[in-house]
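Heads up: the structure comes next, in structure tokens.
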Amino acid sequence: MKKLTKLILLGSLMFGFTACDNFLNVTPIDALSGNNFWKTKKDAESYMGGIYTRLRSKVGNSILIPALDMRANFVKVVGTIDNSGNGPVNNVINNNLKPVFSGGSTYDNRFKDVMNWKGWYDVIAASNILIFEIDKIPSSELSDKDRRQYKAEATFTRNLSYMFLIKIFGDAVYYTDAYHSEALPRMNQVEVAKLCIEDVKSVINDLPVKYSDNASTGFRPTKGAAIALLMHLNMWAAAWDETDKNQYYQAVVDLGQELASYTDYQLLPLTIENTKKIFKGKTSENLFGVLQEYNYGETFAAFANPSFFFSHYPYRGQTSKTTSFMAYEKEYIEKLFPVATPDERRAIWFENMSSDNNTFQLKKFINIYSTGTGANLTVNNDDSAIIFRLPDALLLVAEAHAELGNEDEARGYVNQVRNAAGAPAFTSSGQGLKDDIYKERSRELIGEGHFFFDLVRTKRAVSTEFSNAIIPVGNFNSGAWTWPLIISSQEASANPSLIGNTFWN
């Protein structure tokens, strides 16, 4: 019976943690601490692979990234989205999440997956178990260096999950012990961010600058990935901690200096071929992402990539799919990419950019695979989900410098990104420079899932200049920037102190 239990529970880890129905009630697993597992390096590698499988499920099988770029953005529905998706998509665009939270349509349910935090806690629980159990592998089977690296990888995936939790929901239940079962209340998001920062800092030197195996480049955490994660955690904490924001900005500046010391991380000049390489995920610009590769049997849900909504044949769909479901509003996209300003992104990433109709096409994500033939030929997206890449990190450093009043340094960082895109350098200062850096993030990271987080973090969500569906200041302060939190009956029973996000209740 023990052997059978071991196989069932190990399988559930590798393919989805289906045995763990509640993150607050993870049953201690004899199978993962017994005599037939945690014996070899292969066991550690297999278990780490299970963690990445869980992360891939949360990112690649959901509408997460498109949703984070749709909400309150200057986008519009210009076609008939499949499965009666127009209503739910418009609700998300307009910050009208209550009908989505209570709805039952296909797209309501897809957006409700964003509101369910269980997948993130599956990754956290698995990461905690690896960190706890891996010491059982004898030193004859696993070197100390490899042991520390596996622990550092699991620490990264744990804190990456907490980063998404606080950015989506605000306060979160925080724990790092294996097989956690104690009912805990939600912790203030700033305190969670602080704990995550210290946790990542404690292991960053156990991660390699790069992997000798190119297949791991961009898909297993390096020092560069950990630096990017620390930057995001510090900038998020700075947004909400009213005691001393400068400590977080200075931390990001220092991290930027460390990142610059590694020659393995480099920006790529913007070309069509480099765009394809970057969003496959194995370049010097990629810091961390989740692999999609049809040739390896690693495919995402079609709606997991923005190309599903903003592209059409020959980049997505059947040959009859000649128009896009959605487009960016003409006035907004022309302000973001002014015609009079040189910028390679305009021509390379867009088709009919200013059309304001269903001929609009986003060509940022153009790696594809096809199935079927003739009239049944269907083109599918084959880009990886890029969570951190170098321009994102450089622009965070630019922002931190600007907040500290180091304007020359701020311009230096943002202009690295503009130079790679063939755009002229910024010369602005003061609030104009801060706004330029923000807009450069909107420009460079378009479609990558950063828009709403940046809108909230910088408090620009209350401004009509930056948001298509503003959140009034009172509502913002009451938590309207969060996503509703779905609490299952099991979670409510296991933890009576667990409450949802007040604004949406």
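A note on labels: chains of the structure tokens are A, B, ... as shown, every chain counts residues from 1, and ligands are counted from 1 in their shown order.
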
_Residue set, segment 142-203 of chain A restricted to alpha helix (DSSP H), as a PyMOL selection string_ = chain A and resi 144-169+189-201

How close does each residue of segment 64-109 of chain A get to segment 440-463 of chain A, giving the shortest atom pair and distance in Å to one decimal for every residue with an atom at most 9 Å away, counting only C-alpha atoms, sorted by chain and residue number, as a tab-separated table?
```
residue	atom	partner	partner_atom	distance
A:Leu64	CA	A:Gly449	CA	7.8
A:Ile65	CA	A:Gly449	CA	4.6
A:Pro66	CA	A:Gly449	CA	6.4
A:Ala67	CA	A:Gly449	CA	7.5
A:Leu68	CA	A:Gly449	CA	4.9
A:Asp69	CA	A:Gly449	CA	4.9
A:Met70	CA	A:Phe452	CA	7.8
A:Arg71	CA	A:Phe452	CA	6.3
A:Ala72	CA	A:Phe452	CA	7.1
A:Asn73	CA	A:Phe451	CA	7.5
```

Could you save those same residues with N, CA and C atoms as a PDB file, in the first residue's frame?
```pdb
ATOM      1  N   LEU A  64      -4.256  34.381 -18.147  1.00  0.00           N
ATOM      2  CA  LEU A  64      -3.580  35.295 -17.229  1.00  0.00           C
ATOM      3  C   LEU A  64      -2.904  36.465 -17.940  1.00  0.00           C
ATOM      4  N   ILE A  65      -1.969  36.190 -18.846  1.00  0.00           N
ATOM      5  CA  ILE A  65      -1.178  37.265 -19.453  1.00  0.00           C
ATOM      6  C   ILE A  65      -2.053  38.199 -20.301  1.00  0.00           C
ATOM      7  N   PRO A  66      -2.929  37.686 -21.179  1.00  0.00           N
ATOM      8  CA  PRO A  66      -3.811  38.618 -21.889  1.00  0.00           C
ATOM      9  C   PRO A  66      -4.691  39.438 -20.955  1.00  0.00           C
ATOM     10  N   ALA A  67      -5.188  38.821 -19.894  1.00  0.00           N
ATOM     11  CA  ALA A  67      -6.065  39.544 -18.961  1.00  0.00           C
ATOM     12  C   ALA A  67      -5.336  40.700 -18.293  1.00  0.00           C
ATOM     13  N   LEU A  68      -4.079  40.481 -17.926  1.00  0.00           N
ATOM     14  CA  LEU A  68      -3.300  41.529 -17.264  1.00  0.00           C
ATOM     15  C   LEU A  68      -2.988  42.685 -18.212  1.00  0.00           C
ATOM     16  N   ASP A  69      -3.011  42.420 -19.511  1.00  0.00           N
ATOM     17  CA  ASP A  69      -2.776  43.488 -20.475  1.00  0.00           C
ATOM     18  C   ASP A  69      -4.073  44.121 -20.974  1.00  0.00           C
ATOM     19  N   MET A  70      -5.198  43.442 -20.818  1.00  0.00           N
ATOM     20  CA  MET A  70      -6.493  43.991 -21.240  1.00  0.00           C
ATOM     21  C   MET A  70      -7.080  44.959 -20.217  1.00  0.00           C
ATOM     22  N   ARG A  71      -6.955  44.613 -18.958  1.00  0.00           N
ATOM     23  CA  ARG A  71      -7.708  45.330 -17.931  1.00  0.00           C
ATOM     24  C   ARG A  71      -7.343  46.814 -17.914  1.00  0.00           C
ATOM     25  N   ALA A  72      -8.346  47.661 -18.117  1.00  0.00           N
ATOM     26  CA  ALA A  72      -8.224  49.122 -18.082  1.00  0.00           C
ATOM     27  C   ALA A  72      -7.334  49.675 -19.182  1.00  0.00           C
ATOM     28  N   ASN A  73      -6.991  48.848 -20.168  1.00  0.00           N
ATOM     29  CA  ASN A  73      -6.109  49.295 -21.242  1.00  0.00           C
ATOM     30  C   ASN A  73      -6.926  49.929 -22.373  1.00  0.00           C
TER      31      ASN A  73
END
```

*Thr299 of chain A: which residues within 9 Å, counting only C-alpha atoms, same-chain residues fewer than 4 positions away excluded, as a PyMOL selection string?*
chain A and resi 60-61+291-295+381-382

*Determine the nearest neighbour of Phe101 of chain A from the options A:Ile487, A:Pro338, A:Val78, A:Ser493, counting only C-alpha atoms.*
A:Ile487

Give one line per residue of segment 50-128 of chain A that approaches segment 168-174 of chain A to at most 10 Å, naming the two atoms of the closest pair and their distance in Å to one decimal, counting only C-alpha atoms; sort by chain then ascending residue number and deliver it as JSON lines.
```
{"residue": "A:Leu68", "atom": "CA", "partner": "A:Ile168", "partner_atom": "CA", "distance": 9.2}
{"residue": "A:Val114", "atom": "CA", "partner": "A:Ile168", "partner_atom": "CA", "distance": 8.3}
{"residue": "A:Met115", "atom": "CA", "partner": "A:Ile168", "partner_atom": "CA", "distance": 8.0}
{"residue": "A:Asn116", "atom": "CA", "partner": "A:Phe169", "partner_atom": "CA", "distance": 9.7}
{"residue": "A:Trp117", "atom": "CA", "partner": "A:Phe169", "partner_atom": "CA", "distance": 8.6}
{"residue": "A:Tyr121", "atom": "CA", "partner": "A:Val173", "partner_atom": "CA", "distance": 9.3}
{"residue": "A:Ile124", "atom": "CA", "partner": "A:Tyr174", "partner_atom": "CA", "distance": 9.6}
```

*Proximity to Asp254 of chain A - best of A:Asp392, A:Arg56, A:Ala398, A:Val190, only C-alpha atoms*: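 Using only C-alpha atoms, Asp254 of chain A sits closest to A:Ala398.
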
*asked:* Please report the interatomic distance between atom CA of Asn495 of chain A and atom CA of Arg186 of chain A in Å with one decimal.
replied: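 Straight-line distance from atom CA of Asn495 of chain A to atom CA of Arg186 of chain A works out to 10.4 Å.
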
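Nearest to Ala238 of chain A of all the residues A:Ala193, A:Leu498, A:Ile470, A:Ile63 is A:Ala193, based on only C-alpha atoms.
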
Find the nearest atom pair between each residue of segment 248-272 of chain A and segment 393-397 of chain A for residues within 7 Å, count only C-alpha atoms, give distances in Å to one decimal, sort rows by chain and ascending number, and present the table as CSV.
```
residue,atom,partner,partner_atom,distance
A:Val252,CA,A:Val397,CA,5.9
A:Val253,CA,A:Val397,CA,5.6
A:Gly256,CA,A:Val397,CA,5.9
```

Grab the residues selected above and save them as a CSV table (one decimal), in the first residue's frame with all heavy atoms.
```csv
chain,number,residue,atom,x,y,z
A,252,VAL,N,16.9,48.7,-5.9
A,252,VAL,CA,16.8,48.4,-7.3
A,252,VAL,C,18.0,49.0,-8.1
A,252,VAL,O,18.5,48.4,-9.0
A,252,VAL,CB,15.5,49.0,-7.9
A,252,VAL,CG1,15.4,48.8,-9.4
A,252,VAL,CG2,14.3,48.2,-7.3
A,253,VAL,N,18.4,50.2,-7.7
A,253,VAL,CA,19.6,50.8,-8.4
A,253,VAL,C,20.8,49.9,-8.2
A,253,VAL,O,21.6,49.6,-9.1
A,253,VAL,CB,19.8,52.2,-7.8
A,253,VAL,CG1,21.2,52.7,-8.1
A,253,VAL,CG2,18.8,53.2,-8.3
A,256,GLY,N,20.6,46.9,-10.3
A,256,GLY,CA,20.9,47.3,-11.7
A,256,GLY,C,22.4,47.3,-12.0
A,256,GLY,O,22.9,46.9,-13.0
```

*Would you please work out which residue, of A:Phe300, A:Tyr413, A:Phe503, A:Phe74, is nearest to Leu259 of chain A when using only C-alpha atoms?*
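Looking at the shortest contact to Leu259 of chain A, the residue is A:Tyr413.
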
When you look at segment 425-432 of chain A with a cut-off of 12 Å (counting only C-alpha atoms), what residues show up, excluding the ones that are within fewer than 5 positions of it in the same chain? I need them as a compact mmCIF listing (two decimals) with all heavy atoms, in the first residue's frame.
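Just written: around-v2.txt:
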```
# COMPACT_ATOMS: atom_id res chain seq x y z
N THR A 341 8.21 59.91 -34.91
CA THR A 341 9.37 59.48 -34.14
C THR A 341 9.87 58.13 -34.63
O THR A 341 9.12 57.15 -34.60
CB THR A 341 9.02 59.37 -32.63
OG1 THR A 341 8.51 60.62 -32.17
CG2 THR A 341 10.24 58.99 -31.82
N PRO A 342 11.10 58.04 -35.08
CA PRO A 342 11.63 56.74 -35.54
C PRO A 342 11.51 55.68 -34.45
O PRO A 342 11.81 55.93 -33.28
CB PRO A 342 13.09 57.05 -35.86
CG PRO A 342 13.14 58.52 -36.10
CD PRO A 342 12.11 59.13 -35.18
N ASP A 343 11.06 54.50 -34.82
CA ASP A 343 10.91 53.40 -33.86
C ASP A 343 10.66 52.12 -34.63
O ASP A 343 9.62 51.98 -35.29
CB ASP A 343 9.75 53.67 -32.90
CG ASP A 343 9.78 52.78 -31.67
OD1 ASP A 343 10.09 51.58 -31.82
OD2 ASP A 343 9.49 53.27 -30.56
N ALA A 398 15.72 52.39 -14.38
CA ALA A 398 15.54 53.78 -14.81
C ALA A 398 14.50 54.48 -13.94
O ALA A 398 14.68 55.62 -13.50
CB ALA A 398 15.10 53.82 -16.28
N GLU A 399 13.42 53.79 -13.67
CA GLU A 399 12.35 54.35 -12.82
C GLU A 399 12.85 54.63 -11.41
O GLU A 399 12.56 55.69 -10.83
CB GLU A 399 11.17 53.38 -12.79
CG GLU A 399 9.97 53.88 -12.02
CD GLU A 399 8.84 52.87 -12.01
OE1 GLU A 399 8.75 52.03 -12.95
OE2 GLU A 399 8.02 52.90 -11.07
N HIS A 401 15.96 55.19 -10.44
CA HIS A 401 16.86 56.34 -10.49
C HIS A 401 16.08 57.65 -10.58
O HIS A 401 16.41 58.63 -9.90
CB HIS A 401 17.79 56.22 -11.71
CG HIS A 401 19.07 55.49 -11.44
ND1 HIS A 401 20.00 55.93 -10.51
CD2 HIS A 401 19.58 54.36 -12.00
CE1 HIS A 401 21.03 55.10 -10.50
NE2 HIS A 401 20.81 54.13 -11.39
N ALA A 402 15.05 57.66 -11.40
CA ALA A 402 14.25 58.88 -11.55
C ALA A 402 13.58 59.25 -10.23
O ALA A 402 13.51 60.44 -9.87
CB ALA A 402 13.20 58.69 -12.64
N GLU A 403 13.10 58.26 -9.50
CA GLU A 403 12.46 58.53 -8.21
C GLU A 403 13.46 59.07 -7.20
O GLU A 403 13.10 59.84 -6.29
CB GLU A 403 11.79 57.26 -7.67
CG GLU A 403 10.58 56.80 -8.47
CD GLU A 403 9.41 57.77 -8.39
OE1 GLU A 403 9.38 58.60 -7.44
OE2 GLU A 403 8.54 57.72 -9.27
N LEU A 404 14.72 58.68 -7.34
CA LEU A 404 15.77 59.17 -6.43
C LEU A 404 16.38 60.48 -6.90
O LEU A 404 17.26 61.03 -6.23
CB LEU A 404 16.87 58.10 -6.30
CG LEU A 404 16.48 56.82 -5.57
CD1 LEU A 404 17.58 55.78 -5.70
CD2 LEU A 404 16.18 57.09 -4.10
N GLY A 405 15.93 60.98 -8.05
CA GLY A 405 16.45 62.23 -8.57
C GLY A 405 17.73 62.10 -9.37
O GLY A 405 18.36 63.11 -9.70
N ASN A 406 18.13 60.86 -9.69
CA ASN A 406 19.34 60.63 -10.48
C ASN A 406 18.98 60.62 -11.97
O ASN A 406 18.91 59.58 -12.62
CB ASN A 406 19.99 59.29 -10.10
CG ASN A 406 20.22 59.16 -8.62
OD1 ASN A 406 20.52 60.15 -7.94
ND2 ASN A 406 20.09 57.96 -8.09
N GLU A 407 18.73 61.78 -12.53
CA GLU A 407 18.13 61.85 -13.86
C GLU A 407 19.08 61.41 -14.97
O GLU A 407 18.65 60.79 -15.95
CB GLU A 407 17.58 63.25 -14.11
CG GLU A 407 16.41 63.57 -13.17
CD GLU A 407 15.67 64.82 -13.58
OE1 GLU A 407 16.22 65.64 -14.34
OE2 GLU A 407 14.52 64.99 -13.12
N ASP A 408 20.36 61.73 -14.86
CA ASP A 408 21.30 61.28 -15.89
C ASP A 408 21.34 59.76 -15.95
O ASP A 408 21.33 59.17 -17.05
CB ASP A 408 22.71 61.82 -15.60
CG ASP A 408 22.83 63.31 -15.89
OD1 ASP A 408 21.97 63.85 -16.61
OD2 ASP A 408 23.79 63.93 -15.37
N GLU A 409 21.38 59.13 -14.79
CA GLU A 409 21.41 57.67 -14.74
C GLU A 409 20.09 57.08 -15.25
O GLU A 409 20.09 56.08 -15.97
CB GLU A 409 21.67 57.19 -13.31
CG GLU A 409 23.07 57.48 -12.79
CD GLU A 409 23.22 58.90 -12.23
OE1 GLU A 409 22.26 59.70 -12.37
OE2 GLU A 409 24.29 59.20 -11.67
N ALA A 410 18.98 57.72 -14.89
CA ALA A 410 17.67 57.25 -15.35
C ALA A 410 17.61 57.28 -16.87
O ALA A 410 17.17 56.31 -17.52
CB ALA A 410 16.56 58.09 -14.75
N ARG A 411 18.04 58.39 -17.46
CA ARG A 411 18.04 58.48 -18.92
C ARG A 411 18.97 57.45 -19.54
O ARG A 411 18.68 56.87 -20.60
CB ARG A 411 18.43 59.90 -19.36
CG ARG A 411 17.32 60.93 -19.19
CD ARG A 411 17.70 62.26 -19.80
NE ARG A 411 18.75 62.93 -19.01
CZ ARG A 411 18.52 63.83 -18.07
NH1 ARG A 411 17.27 64.17 -17.75
NH2 ARG A 411 19.53 64.39 -17.41
N GLY A 412 20.09 57.18 -18.88
CA GLY A 412 21.03 56.19 -19.41
C GLY A 412 20.40 54.82 -19.53
O GLY A 412 20.59 54.12 -20.54
N TYR A 413 19.62 54.42 -18.53
CA TYR A 413 19.01 53.09 -18.56
C TYR A 413 17.86 53.02 -19.57
O TYR A 413 17.76 52.07 -20.35
CB TYR A 413 18.52 52.70 -17.16
CG TYR A 413 19.60 52.09 -16.31
CD1 TYR A 413 20.31 52.87 -15.39
CD2 TYR A 413 19.91 50.74 -16.41
CE1 TYR A 413 21.31 52.31 -14.61
CE2 TYR A 413 20.91 50.17 -15.63
CZ TYR A 413 21.61 50.96 -14.73
OH TYR A 413 22.61 50.40 -13.96
N VAL A 414 16.96 54.01 -19.56
CA VAL A 414 15.83 53.95 -20.48
C VAL A 414 16.30 54.07 -21.92
O VAL A 414 15.73 53.43 -22.83
CB VAL A 414 14.77 55.02 -20.14
CG1 VAL A 414 15.27 56.43 -20.41
CG2 VAL A 414 13.49 54.78 -20.92
N ASN A 415 17.36 54.81 -22.15
CA ASN A 415 17.83 55.01 -23.52
C ASN A 415 18.55 53.78 -24.07
O ASN A 415 18.69 53.63 -25.29
CB ASN A 415 18.71 56.25 -23.61
CG ASN A 415 17.89 57.53 -23.54
OD1 ASN A 415 16.70 57.54 -23.88
ND2 ASN A 415 18.50 58.61 -23.08
N GLN A 416 19.00 52.88 -23.20
CA GLN A 416 19.51 51.60 -23.69
C GLN A 416 18.41 50.85 -24.43
O GLN A 416 18.63 50.25 -25.50
CB GLN A 416 20.01 50.74 -22.53
CG GLN A 416 21.29 51.21 -21.87
CD GLN A 416 21.72 50.25 -20.77
OE1 GLN A 416 21.84 49.04 -20.99
NE2 GLN A 416 21.96 50.80 -19.58
N VAL A 417 17.22 50.85 -23.85
CA VAL A 417 16.08 50.16 -24.45
C VAL A 417 15.67 50.84 -25.75
O VAL A 417 15.40 50.19 -26.75
CB VAL A 417 14.91 50.10 -23.45
CG1 VAL A 417 13.69 49.42 -24.08
CG2 VAL A 417 15.32 49.36 -22.18
N ARG A 418 15.63 52.16 -25.73
CA ARG A 418 15.23 52.90 -26.93
C ARG A 418 16.25 52.73 -28.05
O ARG A 418 15.89 52.62 -29.22
CB ARG A 418 15.02 54.38 -26.58
CG ARG A 418 13.79 54.59 -25.72
CD ARG A 418 13.47 56.04 -25.47
NE ARG A 418 13.16 56.79 -26.67
CZ ARG A 418 12.02 56.72 -27.35
NH1 ARG A 418 11.06 55.87 -26.96
NH2 ARG A 418 11.82 57.49 -28.41
N ASN A 419 17.51 52.69 -27.71
CA ASN A 419 18.54 52.50 -28.72
C ASN A 419 18.38 51.15 -29.41
O ASN A 419 18.52 51.05 -30.64
CB ASN A 419 19.92 52.60 -28.08
CG ASN A 419 21.04 52.40 -29.09
OD1 ASN A 419 21.20 53.18 -30.02
ND2 ASN A 419 21.82 51.35 -28.90
N ALA A 420 18.08 50.09 -28.64
CA ALA A 420 17.89 48.77 -29.23
C ALA A 420 16.69 48.74 -30.17
O ALA A 420 16.64 47.94 -31.10
CB ALA A 420 17.71 47.73 -28.12
N ILE A 437 9.46 57.26 -18.92
CA ILE A 437 9.89 55.91 -18.54
C ILE A 437 8.69 54.98 -18.43
O ILE A 437 8.72 53.84 -18.90
CB ILE A 437 10.69 55.95 -17.22
CG1 ILE A 437 12.01 56.70 -17.42
CG2 ILE A 437 10.95 54.54 -16.70
CD1 ILE A 437 12.74 57.03 -16.14
N TYR A 438 7.62 55.50 -17.83
CA TYR A 438 6.39 54.69 -17.73
C TYR A 438 5.87 54.32 -19.12
O TYR A 438 5.52 53.17 -19.39
CB TYR A 438 5.32 55.45 -16.95
CG TYR A 438 4.00 54.71 -16.91
CD1 TYR A 438 3.79 53.72 -15.96
CD2 TYR A 438 3.01 54.95 -17.86
CE1 TYR A 438 2.58 53.00 -15.95
CE2 TYR A 438 1.83 54.25 -17.86
CZ TYR A 438 1.62 53.27 -16.90
OH TYR A 438 0.46 52.55 -16.90
N LYS A 439 5.82 55.30 -20.01
CA LYS A 439 5.32 55.05 -21.36
C LYS A 439 6.24 54.10 -22.12
O LYS A 439 5.76 53.31 -22.95
CB LYS A 439 5.16 56.37 -22.11
CG LYS A 439 4.04 57.24 -21.58
CD LYS A 439 4.02 58.60 -22.25
CE LYS A 439 2.97 59.52 -21.65
NZ LYS A 439 3.01 60.89 -22.25
N GLU A 440 7.52 54.17 -21.83
CA GLU A 440 8.45 53.24 -22.49
C GLU A 440 8.18 51.81 -22.04
O GLU A 440 8.30 50.87 -22.84
CB GLU A 440 9.90 53.63 -22.21
CG GLU A 440 10.92 52.86 -23.03
CD GLU A 440 10.82 53.12 -24.53
OE1 GLU A 440 10.25 54.16 -24.95
OE2 GLU A 440 11.33 52.28 -25.30
```

*Which of these, A:Asn36, A:Asn358, A:Gln318, A:Ser62, has the shortest distance to Ala302 of chain A once you count only C-alpha atoms?*
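Nearest to Ala302 of chain A: A:Ser62.
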
_Please list as a list in words every residue within 8 Å of Leu55 of chain A, counting only C-alpha atoms and excluding residues in the same chain fewer than 4 positions away._
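The filter keeps Ile51, Val59, Gly119, Trp120, Val123 and Val290 of chain A.
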
_DSSP strand (DSSP E) residues within segment 202-326 of chain A, as a PyMOL selection string_ = chain A and resi 286-290+317-318+326

*Any idea what's packed within 7 Å of Val209 of chain A, counting only C-alpha atoms, ignoring anything in its chain fewer than 2 positions away? Could you give it as a list in words?*
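Returned residues: Leu207, Thr222, Lys223 and Gly224 of chain A.
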
_Let me make sure I understand: among A:Asn367, A:Ala125, A:Pro88, A:Asn109, which one has the smallest atom-to-atom distance to Thr275 of chain A if we use only C-alpha atoms?_
A:Asn367

*To one decimal place, how far is atom CA of Val75 of chain A from atom CA of Met326 of chain A in Å?*
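Separation of atom CA of Val75 of chain A and atom CA of Met326 of chain A: 7.0 Å.
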
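Of note, atom CA of Tyr52 of chain A and atom CA of Ser489 of chain A are spaced 27.5 Å apart.
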
*Residue neighbourhood Ser324 of chain A, 10 Å, only C-alpha atoms, exclusion window fewer than 3 positions, as a PyMOL selection string*: chain A and resi 77-81+307-313+316-317+321+327+357-362
